[in-house]
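> So I've got this file, start_12.pdb, and it contains PDB, C-alpha atoms:
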```pdb
ATOM      1  CA  GLN A 874       3.463   1.344 -20.289
ATOM      2  CA  VAL A 875       2.701  -0.038 -16.825
ATOM      3  CA  GLN A 876      -0.050   0.997 -14.438
ATOM      4  CA  LEU A 877      -0.622   0.122 -10.796
ATOM      5  CA  VAL A 878      -4.278  -0.511 -10.025
ATOM      6  CA  GLU A 879      -5.422  -0.382  -6.400
ATOM      7  CA  SER A 880      -8.654  -1.705  -4.942
ATOM      8  CA  GLY A 881     -10.260  -2.336  -1.580
ATOM      9  CA  GLY A 882     -10.567   1.080   0.007
ATOM     10  CA  GLY A 883     -13.742   2.310   1.655
ATOM     11  CA  LEU A 884     -15.449   3.455   4.818
ATOM     12  CA  VAL A 885     -15.131   1.426   8.006
ATOM     13  CA  GLN A 886     -15.765   1.977  11.700
ATOM     14  CA  ALA A 887     -12.907   2.188  14.160
ATOM     15  CA  GLY A 888     -11.722  -1.285  15.092
ATOM     16  CA  GLY A 889     -12.722  -2.696  11.726
ATOM     17  CA  SER A 890     -10.650  -4.180   8.917
ATOM     18  CA  LEU A 891      -9.976  -3.554   5.250
ATOM     19  CA  ARG A 892      -7.790  -5.273   2.694
ATOM     20  CA  LEU A 893      -6.118  -3.282  -0.068
ATOM     21  CA  SER A 894      -4.821  -4.903  -3.226
ATOM     22  CA  CYS A 895      -2.549  -3.601  -5.959
ATOM     23  CA  ALA A 896      -1.675  -5.205  -9.253
ATOM     24  CA  ALA A 897       0.446  -4.051 -12.144
ATOM     25  CA  SER A 898      -1.183  -4.030 -15.558
ATOM     26  CA  GLY A 899       0.052  -3.321 -19.051
ATOM     27  CA  SER A 900       3.761  -3.814 -19.634
ATOM     28  CA  THR A 901       4.663  -5.594 -16.396
ATOM     29  CA  PHE A 902       8.123  -6.795 -17.436
ATOM     30  CA  ASN A 903      10.632  -6.387 -14.618
ATOM     31  CA  ILE A 904       8.179  -4.485 -12.405
ATOM     32  CA  ASN A 905       8.585  -4.782  -8.657
ATOM     33  CA  VAL A 906       5.438  -3.704  -6.812
ATOM     34  CA  ARG A 907       6.762  -3.264  -3.332
ATOM     35  CA  GLY A 908       4.811  -1.118  -0.933
ATOM     36  CA  TRP A 909       2.115   1.184   0.333
ATOM     37  CA  TYR A 910       2.211   4.844   1.257
ATOM     38  CA  ARG A 911      -0.557   7.112   2.498
ATOM     39  CA  GLN A 912      -1.384  10.793   2.497
ATOM     40  CA  ALA A 913      -3.848  12.432   4.842
ATOM     41  CA  PRO A 914      -5.318  15.885   4.117
ATOM     42  CA  GLY A 915      -2.768  18.611   4.758
ATOM     43  CA  LYS A 916       0.030  16.126   5.425
ATOM     44  CA  GLN A 917       2.944  14.735   3.466
ATOM     45  CA  ARG A 918       2.868  11.294   1.906
ATOM     46  CA  GLU A 919       4.327   8.751   4.311
ATOM     47  CA  LEU A 920       5.509   5.173   4.202
ATOM     48  CA  VAL A 921       3.076   2.565   5.525
ATOM     49  CA  ALA A 922       4.757  -0.732   4.627
ATOM     50  CA  ILE A 923       7.263  -2.222   2.212
ATOM     51  CA  ILE A 924       8.080  -5.798   1.249
ATOM     52  CA  THR A 925      11.560  -6.495  -0.107
ATOM     53  CA  ASN A 926      12.585  -8.903  -2.854
ATOM     54  CA  GLY A 927      13.582 -11.383  -0.179
ATOM     55  CA  GLY A 928      10.223 -11.119   1.527
ATOM     56  CA  SER A 929      11.325  -9.009   4.477
ATOM     57  CA  THR A 930       8.849  -6.397   5.622
ATOM     58  CA  ILE A 931       9.187  -2.873   6.983
ATOM     59  CA  TYR A 932       6.358  -1.032   8.716
ATOM     60  CA  ALA A 933       5.754   2.447   9.987
ATOM     61  CA  ASP A 934       5.693   2.445  13.788
ATOM     62  CA  SER A 935       2.098   3.655  13.750
ATOM     63  CA  VAL A 936       0.841   0.508  11.990
ATOM     64  CA  LYS A 937       3.070  -2.219  13.448
ATOM     65  CA  GLY A 938       1.047  -5.100  14.818
ATOM     66  CA  ARG A 939      -2.088  -3.980  12.979
ATOM     67  CA  PHE A 940      -1.187  -4.014   9.259
ATOM     68  CA  THR A 941       0.325  -6.848   7.228
ATOM     69  CA  ILE A 942       1.839  -6.511   3.767
ATOM     70  CA  SER A 943       2.078  -9.535   1.491
ATOM     71  CA  ARG A 944       2.316 -10.704  -2.113
ATOM     72  CA  ASP A 945      -0.043 -13.024  -3.951
ATOM     73  CA  ASN A 946       1.857 -16.227  -4.827
ATOM     74  CA  ASN A 947       5.160 -14.369  -4.300
ATOM     75  CA  ALA A 948       4.510 -12.506  -7.553
ATOM     76  CA  LYS A 949       6.426  -9.241  -7.746
ATOM     77  CA  ASN A 950       3.650  -7.581  -9.736
ATOM     78  CA  THR A 951       1.161  -7.679  -6.854
ATOM     79  CA  VAL A 952       1.020  -6.517  -3.276
ATOM     80  CA  ALA A 953      -1.713  -6.522  -0.643
ATOM     81  CA  LEU A 954      -2.192  -4.734   2.667
ATOM     82  CA  GLN A 955      -4.361  -6.270   5.364
ATOM     83  CA  MET A 956      -5.400  -3.554   7.799
ATOM     84  CA  ASN A 957      -6.855  -4.565  11.161
ATOM     85  CA  SER A 958      -7.858  -2.600  14.243
ATOM     86  CA  LEU A 959      -8.238   0.516  12.141
ATOM     87  CA  LYS A 960      -8.176   3.908  13.831
ATOM     88  CA  PRO A 961      -9.541   7.277  12.711
ATOM     89  CA  GLU A 962      -5.951   8.474  12.270
ATOM     90  CA  ASP A 963      -5.511   5.826   9.555
ATOM     91  CA  THR A 964      -7.839   7.859   7.356
ATOM     92  CA  ALA A 965      -5.945   8.804   4.189
ATOM     93  CA  VAL A 966      -5.523   8.103   0.511
ATOM     94  CA  TYR A 967      -3.402   4.973   0.183
ATOM     95  CA  PHE A 968      -1.005   4.683  -2.743
ATOM     96  CA  CYS A 969       0.620   1.589  -4.164
ATOM     97  CA  ASN A 970       4.304   1.955  -5.057
ATOM     98  CA  GLY A 971       6.508   0.075  -7.473
ATOM     99  CA  VAL A 972       9.827   0.353  -9.230
ATOM    100  CA  ARG A 973      11.255  -0.705 -12.564
ATOM    101  CA  SER A 974      14.940  -0.049 -13.025
ATOM    102  CA  VAL A 975      15.371   3.507 -11.709
ATOM    103  CA  THR A 976      11.765   4.570 -12.276
ATOM    104  CA  THR A 977       9.276   4.866  -9.415
ATOM    105  CA  ILE A 978       5.652   4.174 -10.288
ATOM    106  CA  TRP A 979       2.578   5.154  -8.277
ATOM    107  CA  GLY A 980      -0.998   3.988  -8.363
ATOM    108  CA  GLN A 981      -3.872   6.453  -8.511
ATOM    109  CA  GLY A 982      -4.693   6.006  -4.822
ATOM    110  CA  THR A 983      -7.624   4.543  -2.929
ATOM    111  CA  GLN A 984      -9.468   6.324  -0.130
ATOM    112  CA  VAL A 985      -9.641   4.742   3.313
ATOM    113  CA  THR A 986     -11.921   6.456   5.818
ATOM    114  CA  VAL A 987     -12.203   5.274   9.418
ATOM    115  CA  SER A 988     -15.076   6.694  11.445
ATOM    116  CA  SER A 989     -14.956   6.999  15.215
TER     117      SER A 989
END
```
Kindly present the structure from the file in structure tokens form.


Amino acid sequence: QVQLVESGGGLVQAGGSLRLSCAASGSTFNINVRGWYRQAPGKQRELVAIITNGGSTIYADSVKGRFTISRDNNAKNTVALQMNSLKPEDTAVYFCNGVRSVTTIWGQGTQVTVSS
């Protein structure tokens, strides 16, 4: 069984930075950890950023120019999200997302709170 383990969330003032990390653990064969989503209270989960197998990146319009998604050593079982110039509206639980075959896997989520 595979698990996605996130780290790096916390409380930061507006304009500050945080770095989220996600790594697959357990049975990591053929896992592709590929992106980050977030869910704010009372709202639906939304895409933040994805990195494709070829290394291309896709960002939500609201985070373009501020967030950067990357992999550690191009390993498909890890993904990181560097978040700069954070805004109060970035406050949410951030979830790591991965796939193996046709199965989607989610991390447990990490809270990011941005104070004004």

> So which residues get picked by the PyMOL selection byres ((chain A and resi 961-968) around 8) here, written as a list in words?

Glu879, Ala887, Trp909, Tyr910, Arg911, Gln912, Ala913, Pro914, Leu959, Lys960, Cys969, Asn970, Trp979, Gly980, Gln981, Gly982, Thr983, Gln984, Val985, Thr986, Val987, Ser988 and Ser989 of chain A

> Enter the distance from atom CA of A:Val972 to atom CA of A:Leu884, in Å, rounded to one decimal.

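We find that atom CA of A:Val972 and atom CA of A:Leu884 lie 29.1 Å from each other.
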
> Taking all atoms listed in the file into account, which of A:Val878, A:Val885, A:Ile923, A:Val906 comes nearest A:Asp945?

A:Val906

> Name every residue that the PyMOL selection byres ((chain A and resi 897) around 10) selects in this structure, writing the answer as a list in words with chains first and numbers rising.

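Output from the PyMOL selection byres ((chain A and resi 897) around 10), applied to this file: Val875, Gln876, Leu877, Val878, Glu879, Cys895, Ala896, Ser898, Gly899, Ser900, Thr901, Phe902, Ile904, Asn905, Val906, Lys949, Asn950, Thr951, Val952, Cys969, Gly971, Ile978 and Gly980 of chain A.
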
> Calculate how many Å separate atom CA of A:Leu893 from atom CA of A:Val975, rounding to one decimal.

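Computing the Euclidean distance for atom CA of A:Leu893 and atom CA of A:Val975 yields 25.4 Å.
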
> Could you tell me how far atom CA of A:Asn957 lies from atom CA of A:Asn926, in Å and to one decimal?

24.4 Å

> Taking into account all atoms listed in the file, which residue in the set A:Ser894, A:Gln886, A:Ser974, A:Ser880 is nearest to A:Gln955?

A:Ser894

> For a quick check of understanding, using only C-alpha atoms, which of A:Gly908, A:Thr925, A:Arg939, A:Gln917 has the smallest distance to A:Ala953?

A:Gly908

> Using all atoms listed in the file, which of the listed residues (A:Thr941, A:Asn903, A:Arg892, A:Gly883) sits closest to A:Val921?

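Checking each of A:Thr941, A:Asn903, A:Arg892, A:Gly883 against A:Val921, counting all atoms listed in the file, the winner is A:Thr941.
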
> Find the residue from A:Gly889, A:Met956, A:Glu919, A:Asn947 that sits nearest to A:Arg907; use all atoms listed in the file when measuring.

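Under the stated criterion, the closest residue is A:Asn947.
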
> Could stretch 934-957 of chain A be completed with N, CA and C atoms and written as a tab-separated table (two decimals), in the coordinates of the input, please?


```
chain	number	residue	atom	x	y	z
A	934	ASP	N	5.97	2.76	12.39
A	934	ASP	CA	5.69	2.44	13.79
A	934	ASP	C	4.19	2.52	14.10
A	935	SER	N	3.51	3.43	13.46
A	935	SER	CA	2.10	3.66	13.75
A	935	SER	C	1.19	2.50	13.33
A	936	VAL	N	1.68	1.60	12.47
A	936	VAL	CA	0.84	0.51	11.99
A	936	VAL	C	1.36	-0.87	12.40
A	937	LYS	N	2.51	-0.93	13.05
A	937	LYS	CA	3.07	-2.22	13.45
A	937	LYS	C	2.10	-2.98	14.34
A	938	GLY	N	1.96	-4.26	14.04
A	938	GLY	CA	1.05	-5.10	14.82
A	938	GLY	C	-0.39	-5.05	14.35
A	939	ARG	N	-0.71	-4.10	13.47
A	939	ARG	CA	-2.09	-3.98	12.98
A	939	ARG	C	-2.20	-4.24	11.48
A	940	PHE	N	-1.18	-3.87	10.72
A	940	PHE	CA	-1.19	-4.01	9.26
A	940	PHE	C	-0.22	-5.12	8.85
A	941	THR	N	-0.55	-5.81	7.77
A	941	THR	CA	0.32	-6.85	7.23
A	941	THR	C	0.40	-6.71	5.71
A	942	ILE	N	1.63	-6.59	5.20
A	942	ILE	CA	1.84	-6.51	3.77
A	942	ILE	C	2.23	-7.89	3.24
A	943	SER	N	1.77	-8.22	2.05
A	943	SER	CA	2.08	-9.54	1.49
A	943	SER	C	1.98	-9.49	-0.03
A	944	ARG	N	2.46	-10.55	-0.66
A	944	ARG	CA	2.32	-10.70	-2.11
A	944	ARG	C	1.41	-11.91	-2.39
A	945	ASP	N	0.73	-11.88	-3.51
A	945	ASP	CA	-0.04	-13.02	-3.95
A	945	ASP	C	0.88	-13.98	-4.70
A	946	ASN	N	1.03	-15.20	-4.18
A	946	ASN	CA	1.86	-16.23	-4.83
A	946	ASN	C	3.29	-15.75	-5.08
A	947	ASN	N	3.79	-14.89	-4.19
A	947	ASN	CA	5.16	-14.37	-4.30
A	947	ASN	C	5.41	-13.64	-5.62
A	948	ALA	N	4.35	-13.22	-6.29
A	948	ALA	CA	4.51	-12.51	-7.55
A	948	ALA	C	4.90	-11.06	-7.29
A	949	LYS	N	5.93	-10.60	-7.98
A	949	LYS	CA	6.43	-9.24	-7.75
A	949	LYS	C	5.56	-8.18	-8.41
A	950	ASN	N	4.52	-8.59	-9.13
A	950	ASN	CA	3.65	-7.58	-9.74
A	950	ASN	C	2.36	-7.37	-8.94
A	951	THR	N	2.32	-7.90	-7.71
A	951	THR	CA	1.16	-7.68	-6.85
A	951	THR	C	1.62	-7.42	-5.42
A	952	VAL	N	0.78	-6.70	-4.69
A	952	VAL	CA	1.02	-6.52	-3.28
A	952	VAL	C	-0.32	-6.25	-2.60
A	953	ALA	N	-0.48	-6.74	-1.39
A	953	ALA	CA	-1.71	-6.52	-0.64
A	953	ALA	C	-1.39	-5.96	0.73
A	954	LEU	N	-2.35	-5.29	1.32
A	954	LEU	CA	-2.19	-4.73	2.67
A	954	LEU	C	-3.44	-5.07	3.48
A	955	GLN	N	-3.28	-5.94	4.45
A	955	GLN	CA	-4.36	-6.27	5.36
A	955	GLN	C	-4.29	-5.30	6.54
A	956	MET	N	-5.38	-4.58	6.76
A	956	MET	CA	-5.40	-3.55	7.80
A	956	MET	C	-6.44	-3.93	8.84
A	957	ASN	N	-5.98	-4.20	10.05
A	957	ASN	CA	-6.86	-4.57	11.16
A	957	ASN	C	-6.82	-3.50	12.25
```
